[in-house]
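Next comes structure.txt, with compact mmCIF, C-alpha atoms.
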```
# COMPACT_ATOMS: atom_id res chain seq x y z
CA MET B 1 0.00 0.00 0.00
CA LYS B 2 1.20 3.53 -0.73
CA ASN B 3 2.43 5.78 2.04
CA PHE B 4 -0.41 7.75 3.58
CA ASP B 5 -1.22 10.17 6.35
CA LEU B 6 -2.95 8.53 9.32
CA ASN B 7 -5.20 11.58 9.46
CA LEU B 8 -6.72 10.44 6.17
CA LEU B 9 -8.08 7.38 7.93
CA ARG B 10 -9.51 9.56 10.70
CA ILE B 11 -11.27 11.62 8.03
CA LEU B 12 -12.50 8.42 6.42
CA THR B 13 -13.89 7.18 9.75
CA ILE B 14 -16.06 10.29 10.05
CA LEU B 15 -17.02 10.21 6.36
CA LEU B 16 -18.22 6.62 6.68
CA GLU B 17 -20.25 7.53 9.76
CA THR B 18 -21.85 10.71 8.40
CA ARG B 19 -21.90 9.85 4.68
CA SER B 20 -21.60 13.58 4.10
CA THR B 21 -18.64 15.76 3.11
CA THR B 22 -20.47 18.79 4.49
CA ILE B 23 -21.06 17.35 7.97
CA THR B 24 -17.54 15.89 8.06
CA ALA B 25 -16.10 19.31 7.20
CA GLU B 26 -18.16 20.98 9.94
CA ARG B 27 -17.09 18.40 12.50
CA LEU B 28 -13.42 18.77 11.61
CA HIS B 29 -13.65 22.56 11.27
CA THR B 30 -12.36 22.56 7.71
CA SER B 31 -13.78 23.21 4.24
CA GLN B 32 -15.94 20.86 2.20
CA SER B 33 -13.44 21.13 -0.67
CA ALA B 34 -10.65 19.90 1.65
CA ILE B 35 -12.75 16.86 2.59
CA SER B 36 -13.50 16.19 -1.08
CA ARG B 37 -9.77 16.25 -1.85
CA SER B 38 -9.15 13.81 1.00
CA LEU B 39 -11.88 11.52 -0.35
CA ARG B 40 -10.19 11.47 -3.75
CA LYS B 41 -6.90 10.48 -2.09
CA LEU B 42 -8.67 7.75 -0.11
CA ARG B 43 -10.31 6.36 -3.23
CA ASP B 44 -6.90 6.19 -4.89
CA LEU B 45 -5.36 4.63 -1.79
CA PHE B 46 -7.95 1.86 -1.50
CA GLN B 47 -8.61 1.53 -5.23
CA ASP B 48 -12.32 1.74 -4.47
CA ASP B 49 -15.05 4.39 -4.73
CA LEU B 50 -15.84 3.94 -1.02
CA LEU B 51 -18.86 6.28 -1.20
CA ILE B 52 -21.20 6.28 -4.19
CA ARG B 53 -23.80 8.99 -4.68
CA LYS B 54 -27.31 7.64 -5.20
CA SER B 55 -30.52 9.67 -5.14
CA GLY B 56 -28.70 12.71 -3.78
CA ARG B 57 -26.86 10.97 -0.93
CA PHE B 58 -23.79 8.79 -0.42
CA GLU B 59 -24.01 5.03 0.03
CA LEU B 60 -21.11 2.83 1.16
CA THR B 61 -19.44 0.28 -1.08
CA ILE B 62 -18.79 -3.24 0.22
CA LYS B 63 -15.21 -2.28 1.07
CA ALA B 64 -16.38 0.88 2.81
CA GLU B 65 -18.84 -1.16 4.91
CA ALA B 66 -15.95 -3.35 6.06
CA LEU B 67 -13.80 -0.30 6.85
CA ALA B 68 -16.66 1.29 8.79
CA GLN B 69 -16.70 -1.76 11.06
CA ALA B 70 -12.92 -2.01 11.47
CA LEU B 71 -11.61 1.55 11.74
CA PRO B 72 -13.18 2.61 15.08
CA ALA B 73 -11.63 -0.37 16.87
CA ILE B 74 -8.25 0.30 15.24
CA PHE B 75 -8.21 3.92 16.39
CA ASN B 76 -9.36 2.89 19.84
CA ASP B 77 -6.34 0.55 20.11
CA ILE B 78 -4.01 3.31 18.91
CA ASP B 79 -5.49 5.79 21.39
CA GLU B 80 -5.12 3.34 24.27
CA LEU B 81 -1.43 2.82 23.44
CA MET B 82 -0.90 6.59 23.41
CA TRP B 83 -2.87 7.44 26.54
CA ASN B 84 -1.58 4.56 28.68
CA ALA B 85 1.92 5.99 28.33
CA GLU B 86 0.87 9.29 29.93
CA PRO B 87 -0.63 8.90 33.42
CA PHE B 88 -2.45 11.98 34.72
CA GLU B 89 -1.16 13.69 37.85
CA PRO B 90 -3.62 16.34 39.12
CA LEU B 91 -1.06 18.23 41.21
CA ALA B 92 1.31 18.54 38.25
CA ALA B 93 -1.33 19.34 35.61
CA SER B 94 -1.23 22.84 34.14
CA SER B 95 -3.47 22.59 31.08
CA ASN B 96 -6.68 24.49 30.35
CA VAL B 97 -9.90 22.48 30.66
CA ILE B 98 -13.05 23.74 28.97
CA ILE B 99 -16.41 22.43 30.20
CA ALA B 100 -19.77 23.15 28.57
CA MET B 101 -22.53 23.24 31.18
CA ASN B 102 -26.18 24.16 30.97
CA SER B 103 -26.80 27.42 32.81
CA SER B 104 -29.31 25.94 35.26
CA ILE B 105 -26.76 23.43 36.53
CA ALA B 106 -23.91 25.95 36.33
CA GLN B 107 -25.75 28.39 38.61
CA TRP B 108 -25.31 26.13 41.63
CA PHE B 109 -22.74 23.49 40.63
CA ALA B 110 -20.02 25.60 38.96
CA PRO B 111 -18.88 27.26 42.24
CA ILE B 112 -18.62 23.84 43.89
CA LEU B 113 -16.65 22.45 40.93
CA ILE B 114 -14.30 25.45 40.82
CA GLN B 115 -13.48 25.09 44.50
CA HIS B 116 -12.95 21.32 44.12
CA ILE B 117 -10.64 21.65 41.10
CA SER B 118 -8.61 24.47 42.66
CA HIS B 119 -7.98 22.25 45.69
CA ILE B 120 -6.95 18.98 44.02
CA ALA B 121 -5.43 20.40 40.79
CA PRO B 122 -4.33 23.94 41.72
CA ASN B 123 -2.41 24.62 38.48
CA LEU B 124 -5.25 23.58 36.20
CA SER B 125 -7.07 26.40 34.39
CA LEU B 126 -10.83 25.95 34.16
CA THR B 127 -13.09 27.58 31.57
CA ILE B 128 -16.85 27.06 31.91
CA VAL B 129 -19.02 27.92 28.90
CA ASP B 130 -22.75 27.63 28.25
CA TRP B 131 -24.10 24.45 26.70
CA THR B 132 -25.27 25.61 23.26
CA GLU B 133 -26.32 24.12 19.96
CA SER B 134 -22.66 23.88 18.91
CA SER B 135 -21.48 22.13 22.11
CA PRO B 136 -21.69 18.56 20.70
CA ASP B 137 -19.51 19.53 17.72
CA ASP B 138 -17.10 21.41 19.99
CA ILE B 139 -16.72 18.34 22.21
CA ALA B 140 -16.21 16.07 19.19
CA ALA B 141 -13.50 18.38 17.82
CA GLY B 142 -11.71 18.62 21.17
CA ASN B 143 -12.36 22.36 21.54
CA VAL B 144 -14.40 21.52 24.65
CA GLN B 145 -13.26 18.58 26.78
CA TYR B 146 -16.44 17.80 28.70
CA GLY B 147 -20.14 18.57 28.82
CA ILE B 148 -22.77 18.57 31.57
CA ASN B 149 -26.47 18.71 30.76
CA TYR B 150 -29.61 16.80 31.62
CA PHE B 151 -29.92 13.20 30.40
CA PRO B 152 -30.85 11.93 27.87
CA MET B 153 -29.86 14.06 24.89
CA GLU B 154 -30.12 13.37 21.18
CA LEU B 155 -26.41 13.21 20.40
CA PRO B 156 -24.39 11.65 17.56
CA LYS B 157 -22.76 8.25 18.04
CA HIS B 158 -19.25 9.69 18.28
CA LEU B 159 -20.18 11.22 21.65
CA ILE B 160 -20.64 9.29 24.89
CA GLN B 161 -23.24 10.40 27.41
CA LYS B 162 -23.25 8.83 30.86
CA LYS B 163 -26.27 8.98 33.14
CA GLY B 164 -25.64 10.55 36.54
CA GLY B 165 -27.70 11.16 39.65
CA ILE B 166 -31.20 12.62 39.55
CA ASP B 167 -31.95 16.28 40.21
CA SER B 168 -35.31 17.03 41.88
CA PHE B 169 -37.39 20.04 40.83
CA VAL B 170 -39.37 22.76 42.62
CA LEU B 171 -41.00 26.08 41.68
CA VAL B 172 -39.00 29.23 42.40
CA CYS B 173 -40.99 32.32 43.41
CA ARG B 174 -40.51 35.65 45.16
CA LYS B 175 -40.16 35.42 48.92
CA GLU B 176 -43.55 37.07 49.58
CA HIS B 177 -45.49 34.83 47.16
CA GLU B 178 -48.89 33.86 48.57
CA HIS B 179 -48.34 30.15 47.86
CA VAL B 180 -45.11 29.85 49.87
CA GLY B 181 -45.51 27.19 52.56
CA LYS B 182 -48.05 25.22 50.53
CA VAL B 183 -47.56 22.47 47.98
CA MET B 184 -48.43 22.99 44.32
CA SER B 185 -51.28 20.83 43.04
CA ALA B 186 -52.26 20.48 39.40
CA ILE B 187 -55.24 22.80 39.77
CA ASP B 188 -53.07 25.50 41.38
CA PHE B 189 -51.23 26.00 38.09
CA GLN B 190 -54.35 27.67 36.70
CA HIS B 191 -53.81 30.65 39.02
CA TYR B 192 -50.18 31.64 38.38
CA PRO B 193 -48.05 32.65 35.38
CA ILE B 194 -45.14 30.37 34.55
CA ALA B 195 -41.62 31.10 33.32
CA ILE B 196 -39.60 28.49 31.44
CA HIS B 197 -35.82 28.50 31.56
CA VAL B 198 -34.95 27.20 28.09
CA ILE B 199 -32.10 24.67 28.14
CA GLN B 200 -30.62 23.48 24.87
CA ASP B 201 -31.10 19.73 24.22
CA TRP B 202 -33.41 19.30 27.22
CA ASN B 203 -36.53 21.47 27.08
CA ASP B 204 -35.91 23.62 24.02
CA LYS B 205 -38.50 21.68 22.00
CA LYS B 206 -41.19 21.19 24.67
CA ASP B 207 -41.28 22.19 28.30
CA HIS B 208 -41.74 19.37 30.80
CA LEU B 209 -44.42 21.13 32.84
CA SER B 210 -46.79 21.21 29.85
CA ARG B 211 -46.04 17.55 29.22
CA ILE B 212 -47.15 16.72 32.78
CA LEU B 213 -50.26 18.93 32.96
CA THR B 214 -51.71 18.55 29.46
CA PRO B 215 -53.04 14.99 30.07
CA MET B 216 -54.99 16.47 33.01
CA ASP B 217 -56.60 19.05 30.68
CA ILE B 218 -54.64 21.81 32.37
CA MET B 219 -52.65 24.22 30.23
CA PRO B 220 -50.02 26.14 32.20
CA SER B 221 -50.04 29.88 31.56
CA ILE B 222 -46.52 30.27 30.22
CA LYS B 223 -45.78 34.00 30.09
CA LEU B 224 -42.01 33.99 29.69
CA ARG B 225 -39.45 31.78 27.98
CA SER B 226 -35.77 32.65 28.11
CA SER B 227 -32.35 31.04 28.12
CA HIS B 228 -31.19 33.87 30.42
CA LEU B 229 -31.83 33.00 34.04
CA ASN B 230 -31.25 36.55 35.31
CA ILE B 231 -34.09 37.86 33.09
CA ILE B 232 -36.46 35.27 34.55
CA LEU B 233 -35.43 36.03 38.13
CA GLN B 234 -36.06 39.74 37.62
CA ALA B 235 -39.56 38.95 36.33
CA ILE B 236 -40.24 36.60 39.26
CA GLU B 237 -39.19 39.23 41.78
CA GLN B 238 -41.78 41.67 40.39
CA SER B 239 -44.74 39.28 39.99
CA ASP B 240 -46.38 36.02 41.06
CA MET B 241 -44.55 34.16 38.29
CA LEU B 242 -43.23 30.66 39.06
CA LEU B 243 -40.16 28.96 37.62
CA PRO B 244 -39.86 25.14 37.51
CA CYS B 245 -36.19 24.41 38.17
CA SER B 246 -33.65 22.35 40.08
CA LYS B 247 -34.10 22.34 43.85
CA HIS B 248 -30.35 22.83 44.19
CA LEU B 249 -30.62 25.92 41.98
CA ALA B 250 -33.52 27.23 44.09
CA GLN B 251 -31.55 26.73 47.30
CA SER B 252 -28.58 28.64 45.86
CA LEU B 253 -30.57 31.81 45.13
CA GLU B 254 -30.58 34.94 47.27
CA GLU B 255 -32.93 35.35 50.23
CA ARG B 256 -35.40 37.46 48.25
CA PHE B 257 -36.45 34.24 46.52
CA SER B 258 -38.21 31.17 47.88
CA TYR B 259 -39.58 27.98 46.37
CA ILE B 260 -42.69 25.80 46.38
CA GLU B 261 -42.68 22.01 46.40
CA PHE B 262 -44.76 20.02 43.92
CA ASP B 263 -47.65 17.98 45.31
CA ASN B 264 -46.33 14.42 45.61
CA LYS B 265 -49.37 13.22 43.65
CA LEU B 266 -47.95 14.94 40.57
CA ASP B 267 -45.49 13.35 38.17
CA THR B 268 -43.00 16.13 38.83
CA PRO B 269 -40.25 17.13 36.37
CA GLN B 270 -37.00 15.28 36.97
CA GLY B 271 -33.66 15.39 35.27
CA ASN B 272 -30.76 13.00 35.57
CA PHE B 273 -27.39 14.57 35.07
CA GLY B 274 -25.75 13.70 31.76
CA PHE B 275 -21.96 13.68 31.38
CA VAL B 276 -20.75 14.02 27.79
CA TYR B 277 -17.39 13.44 26.11
CA ALA B 278 -16.04 12.29 22.76
CA VAL B 279 -15.48 8.61 22.00
CA LYS B 280 -12.04 9.33 20.56
CA TRP B 281 -10.87 11.01 23.80
CA ARG B 282 -12.33 8.49 26.24
CA ASN B 283 -8.91 6.97 27.03
CA ASP B 284 -7.27 10.33 27.68
CA PRO B 285 -6.02 10.23 31.32
CA LEU B 286 -7.12 13.84 31.89
CA LEU B 287 -10.63 13.06 30.64
CA LYS B 288 -10.85 9.89 32.74
CA TRP B 289 -9.84 11.84 35.84
CA LEU B 290 -12.22 14.69 34.98
CA ASN B 291 -15.16 12.33 34.43
CA THR B 292 -14.55 10.49 37.71
CA SER B 293 -14.08 13.72 39.67
CA ILE B 294 -17.16 15.48 38.27
CA SER B 295 -19.54 12.51 38.42
CA THR B 296 -18.48 11.74 42.01
CA LEU B 297 -18.82 15.38 43.03
CA VAL B 298 -22.28 15.70 41.45
CA ASN B 299 -23.58 12.52 43.04
CA THR B 300 -22.21 13.57 46.43
CA GLN B 301 -24.07 16.89 46.20
CA LEU B 302 -27.31 15.25 45.07
CA ASN B 303 -27.23 12.79 47.96
CA GLN B 304 -26.81 15.46 50.64
```
In structure tokens, write the structure found in this file.
Amino acid sequence: MKNFDLNLLRILTILLETRSTTITAERLHTSQSAISRSLRKLRDLFQDDLLIRKSGRFELTIKAEALAQALPAIFNDIDELMWNAEPFEPLAASSNVIIAMNSSIAQWFAPILIQHISHIAPNLSLTIVDWTESSPDDIAAGNVQYGINYFPMELPKHLIQKKGGIDSFVLVCRKEHEHVGKVMSAIDFQHYPIAIHVIQDWNDKKDHLSRILTPMDIMPSIKLRSSHLNIILQAIEQSDMLLPCSKHLAQSLEERFSYIEFDNKLDTPQGNFGFVYAVKWRNDPLLKWLNTSISTLVNTQLNQ
């Protein structure tokens, strides 16, 4: 076989998964023309078309089907050989770690995580960014090392999502709200406006409160939707508006806010934590340490 760049096989692995030069280019942060040039080189290398366009989309040849089965395992073996040679030492680590976290979780968990990391890995730099529509691609490309959101998410196969502990939900309100000290029944939702904190890949398509109440012929009066928590909190402080959110988030807010428990007869919103990282980095010692540290820390907080 002719000499070739190993990166060509990495490109081929993604091409065979996506069957799209456009998506492959986006995932690798390069141009579609560059991927097309790589595909021509790969076809010459393997003496096979590999991907054949039919009815406007690519289909795999027999050889490509075989490669699609074999290549992921090959790269996994290569990655294990590389990572096993580099054990991770938290006290000596000085790299920058970027974590994408949904803003609801970040509000209460980020300070705990920052304190934890600064204690056990004092030279590590931590960057926390919002979980956005581009977060899955950023994690796949290695621009973001780790993601925290609610489980499950609709993610591509090249990302791993692990289910963590469960986060219970309450209704945040202003401290002087008339319903403070009572539980919230289904019928009570007819009397108060609702705010929805929009979280990408969790409730951006449909809010969970409507999902729970609609079968009871109750439509919550949703007056505000926003991905900005501070906007919602300002509205709550000036009205009788209620915000369904994490109990841990509610407990982290200032004293001018309170919260109302759901009636235990209701199927209340719940969200398991979801920990996300790329398949190709799963053997990275830093990522293994990060995953263990974060998942343990989250579960410890949830069990308190």
Please report, as JSON lines, each residue of segment 177-215 of chain B lying at most 12 Å from segment 138-160 of chain B, together with the nearest pair of atoms and the separation in Å rounded to one decimal; use only C-alpha atoms, and order rows by chain and ascending residue number.
```
{"residue": "B:Ile199", "atom": "CA", "partner": "B:Asn149", "partner_atom": "CA", "distance": 8.6}
{"residue": "B:Gln200", "atom": "CA", "partner": "B:Asn149", "partner_atom": "CA", "distance": 8.6}
{"residue": "B:Asp201", "atom": "CA", "partner": "B:Met153", "partner_atom": "CA", "distance": 5.8}
{"residue": "B:Trp202", "atom": "CA", "partner": "B:Tyr150", "partner_atom": "CA", "distance": 6.3}
{"residue": "B:Asn203", "atom": "CA", "partner": "B:Tyr150", "partner_atom": "CA", "distance": 9.5}
{"residue": "B:Asp204", "atom": "CA", "partner": "B:Met153", "partner_atom": "CA", "distance": 11.3}
{"residue": "B:Lys205", "atom": "CA", "partner": "B:Glu154", "partner_atom": "CA", "distance": 11.8}
```
Inset, instruction - Measuring atom to atom with only C-alpha atoms, identify which of B:Leu126, B:Ala93, B:Ser135, B:Ile236 is nearest to Pro111 of chain B. - result: B:Leu126
Inset, instruction - Kindly give the distance, in Å, that separates atom CA of Asn102 of chain B and atom CA of Asp130 of chain B, rounded to a single decimal. - result: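 Computed distance, atom CA of Asn102 of chain B to atom CA of Asp130 of chain B, equals 5.6 Å.
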Legend entry - Gap from atom CA of Ile117 of chain B to atom CA of Phe275 of chain B - Å, one decimal: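 Computing the Euclidean distance for atom CA of Ile117 of chain B and atom CA of Phe275 of chain B yields 16.9 Å.
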Fewer than 4 positions away in the same chain doesn't count, so skip those; otherwise give me all residues within 8 Å of Ala64 of chain B, counting all atoms listed in the file, as a PDB file with C-alpha atoms, in the coordinates of the input.
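The new file around.pdb reads:
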```pdb
ATOM      1  CA  LEU B  16     -18.220   6.620   6.680  1.00  0.00           C
ATOM      2  CA  LEU B  50     -15.840   3.940  -1.020  1.00  0.00           C
ATOM      3  CA  LEU B  51     -18.860   6.280  -1.200  1.00  0.00           C
ATOM      4  CA  LEU B  60     -21.110   2.830   1.160  1.00  0.00           C
ATOM      5  CA  ALA B  68     -16.660   1.290   8.790  1.00  0.00           C
TER       6      ALA B  68
END
```
Legend entry - Spatial neighbours of Thr24 of chain B, 9 Å, all atoms listed in the file, chain gap at least 4 places, as number ranges by chain: B: 11, 14-15, 17-20, 28-30, 32, 35
Next, dump the selected residues to file, keeping only C-alpha atoms, as a PDB file, keeping the file's coordinate frame.
```pdb
ATOM      1  CA  ILE B  11     -11.270  11.620   8.030  1.00  0.00           C
ATOM      2  CA  ILE B  14     -16.060  10.290  10.050  1.00  0.00           C
ATOM      3  CA  LEU B  15     -17.020  10.210   6.360  1.00  0.00           C
ATOM      4  CA  GLU B  17     -20.250   7.530   9.760  1.00  0.00           C
ATOM      5  CA  THR B  18     -21.850  10.710   8.400  1.00  0.00           C
ATOM      6  CA  ARG B  19     -21.900   9.850   4.680  1.00  0.00           C
ATOM      7  CA  SER B  20     -21.600  13.580   4.100  1.00  0.00           C
ATOM      8  CA  LEU B  28     -13.420  18.770  11.610  1.00  0.00           C
ATOM      9  CA  HIS B  29     -13.650  22.560  11.270  1.00  0.00           C
ATOM     10  CA  THR B  30     -12.360  22.560   7.710  1.00  0.00           C
ATOM     11  CA  GLN B  32     -15.940  20.860   2.200  1.00  0.00           C
ATOM     12  CA  ILE B  35     -12.750  16.860   2.590  1.00  0.00           C
TER      13      ILE B  35
END
```
Inset, instruction - Enter the distance from atom CA of Phe46 of chain B to atom CA of Leu12 of chain B, in Å, rounded to one decimal. - result: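 One can read the atom CA of Phe46 of chain B to atom CA of Leu12 of chain B distance as 11.2 Å.
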Inset, instruction - Extract, using all atoms listed in the file, all DNA, RNA and protein residues at most 7 Å from Phe169 of chain B, discarding same-chain residues fewer than 2 positions from it, and format them as a ChimeraX atom specification. - result: /B:167,244-247,269-270
Inset, instruction - Select, from B:Ile114, B:Ile187, B:Cys173, B:Leu213, the residue with the minimum atom-to-atom distance to Ser293 of chain B, counting all atoms listed in the file. - result: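 For Ser293 of chain B, the nearest of the given residues is B:Ile114.
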Compute the distance from (-50.2, 30.5, 39.6) to each atom, counting only C-alpha atoms, keep the residues with any atom at most 10 Å away, and return them as a compact mmCIF listing (two decimals) with C-alpha atoms, in the frame of the given file; use the coordinates of the file.
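The resulting file, point06.txt, is shown below:
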```txt
# COMPACT_ATOMS: atom_id res chain seq x y z
CA HIS B 177 -45.49 34.83 47.16
CA GLU B 178 -48.89 33.86 48.57
CA HIS B 179 -48.34 30.15 47.86
CA MET B 184 -48.43 22.99 44.32
CA ILE B 187 -55.24 22.80 39.77
CA ASP B 188 -53.07 25.50 41.38
CA PHE B 189 -51.23 26.00 38.09
CA GLN B 190 -54.35 27.67 36.70
CA HIS B 191 -53.81 30.65 39.02
CA TYR B 192 -50.18 31.64 38.38
CA PRO B 193 -48.05 32.65 35.38
CA ILE B 194 -45.14 30.37 34.55
CA PRO B 220 -50.02 26.14 32.20
CA SER B 221 -50.04 29.88 31.56
CA ASP B 240 -46.38 36.02 41.06
CA MET B 241 -44.55 34.16 38.29
CA LEU B 242 -43.23 30.66 39.06
```
Legend entry - Given all atoms listed in the file as the counted atoms, nearest of B:His119, B:Glu89, B:Ser38, B:Thr13 to Glu65 of chain B: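 Residue with the minimum atom-to-atom distance to Glu65 of chain B: B:Thr13.
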Quick one: everything within 12 Å of Ala121 of chain B, counting all atoms listed in the file, minus sequence neighbours fewer than 5 positions away in the same chain. Send it as a compact mmCIF listing (two decimals) with C-alpha atoms, in the frame of the given file.
```txt
# COMPACT_ATOMS: atom_id res chain seq x y z
CA PHE B 88 -2.45 11.98 34.72
CA GLU B 89 -1.16 13.69 37.85
CA PRO B 90 -3.62 16.34 39.12
CA LEU B 91 -1.06 18.23 41.21
CA ALA B 92 1.31 18.54 38.25
CA ALA B 93 -1.33 19.34 35.61
CA SER B 94 -1.23 22.84 34.14
CA SER B 95 -3.47 22.59 31.08
CA ASN B 96 -6.68 24.49 30.35
CA VAL B 97 -9.90 22.48 30.66
CA LEU B 113 -16.65 22.45 40.93
CA ILE B 114 -14.30 25.45 40.82
CA GLN B 115 -13.48 25.09 44.50
CA HIS B 116 -12.95 21.32 44.12
CA LEU B 126 -10.83 25.95 34.16
CA LEU B 286 -7.12 13.84 31.89
CA TRP B 289 -9.84 11.84 35.84
CA LEU B 290 -12.22 14.69 34.98
CA SER B 293 -14.08 13.72 39.67
```
Inset, instruction - Considering all atoms listed in the file, state which residue in the set B:Asn272, B:Lys280, B:Val170, B:Asp267 is at the smallest distance from Lys182 of chain B. - result: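 The shortest atom-to-atom distance to Lys182 of chain B comes from B:Val170.
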Grab all the atoms of segment 95-111 of chain B that the file lists, wrap them in a box along x, y and z, add 6 Å per side, and give me centre plus edge lengths in Å (one decimal) as AutoDock Vina command-line options.
```
--center_x -16.4 --center_y 25.4 --center_z 35.4 --size_x 37.8 --size_y 18.0 --size_z 25.7
```
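Proximity to Ser185 of chain B was assessed for B:Ser258, B:Ser134, B:Gln161, B:Asn264 counting only C-alpha atoms; the smallest distance is recorded for B:Asn264.
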Taking the partial coordinates given, rebuild segment 93-109 of chain B to contain N, CA and C atoms; return it as a JSON list (two decimals), in the coordinates of the input.
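Generated file (part.json):
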```json
[["chain", "number", "residue", "atom", "x", "y", "z"],
["B", 93, "ALA", "N", -0.64, 18.92, 36.84],
["B", 93, "ALA", "CA", -1.33, 19.34, 35.61],
["B", 93, "ALA", "C", -1.42, 20.86, 35.53],
["B", 94, "SER", "N", -1.17, 21.39, 34.33],
["B", 94, "SER", "CA", -1.23, 22.84, 34.14],
["B", 94, "SER", "C", -1.96, 23.23, 32.86],
["B", 95, "SER", "N", -2.76, 22.32, 32.33],
["B", 95, "SER", "CA", -3.47, 22.59, 31.08],
["B", 95, "SER", "C", -4.76, 23.38, 31.35],
["B", 96, "ASN", "N", -5.40, 23.80, 30.25],
["B", 96, "ASN", "CA", -6.68, 24.49, 30.35],
["B", 96, "ASN", "C", -7.80, 23.52, 30.00],
["B", 97, "VAL", "N", -8.77, 23.38, 30.87],
["B", 97, "VAL", "CA", -9.90, 22.48, 30.66],
["B", 97, "VAL", "C", -11.15, 23.31, 30.41],
["B", 98, "ILE", "N", -11.83, 23.02, 29.32],
["B", 98, "ILE", "CA", -13.05, 23.74, 28.97],
["B", 98, "ILE", "C", -14.24, 22.80, 29.14],
["B", 99, "ILE", "N", -15.22, 23.23, 29.92],
["B", 99, "ILE", "CA", -16.41, 22.43, 30.20],
["B", 99, "ILE", "C", -17.65, 23.21, 29.76],
["B", 100, "ALA", "N", -18.49, 22.57, 28.96],
["B", 100, "ALA", "CA", -19.77, 23.15, 28.57],
["B", 100, "ALA", "C", -20.83, 22.67, 29.56],
["B", 101, "MET", "N", -21.58, 23.60, 30.13],
["B", 101, "MET", "CA", -22.53, 23.24, 31.18],
["B", 101, "MET", "C", -23.82, 24.04, 30.99],
["B", 102, "ASN", "N", -24.95, 23.38, 31.10],
["B", 102, "ASN", "CA", -26.18, 24.16, 30.97],
["B", 102, "ASN", "C", -26.28, 25.15, 32.13],
["B", 103, "SER", "N", -26.87, 26.31, 31.85],
["B", 103, "SER", "CA", -26.80, 27.42, 32.81],
["B", 103, "SER", "C", -27.56, 27.15, 34.09],
["B", 104, "SER", "N", -28.57, 26.29, 34.05],
["B", 104, "SER", "CA", -29.31, 25.94, 35.26],
["B", 104, "SER", "C", -28.41, 25.18, 36.23],
["B", 105, "ILE", "N", -27.69, 24.20, 35.70],
["B", 105, "ILE", "CA", -26.76, 23.43, 36.53],
["B", 105, "ILE", "C", -25.59, 24.31, 36.97],
["B", 106, "ALA", "N", -25.08, 25.12, 36.03],
["B", 106, "ALA", "CA", -23.91, 25.95, 36.33],
["B", 106, "ALA", "C", -24.17, 26.92, 37.47],
["B", 107, "GLN", "N", -25.40, 27.40, 37.59],
["B", 107, "GLN", "CA", -25.75, 28.39, 38.61],
["B", 107, "GLN", "C", -25.37, 27.91, 40.01],
["B", 108, "TRP", "N", -25.61, 26.62, 40.28],
["B", 108, "TRP", "CA", -25.31, 26.13, 41.63],
["B", 108, "TRP", "C", -24.10, 25.20, 41.68],
["B", 109, "PHE", "N", -23.81, 24.49, 40.57],
["B", 109, "PHE", "CA", -22.74, 23.49, 40.63],
["B", 109, "PHE", "C", -21.37, 24.06, 40.27]]
```
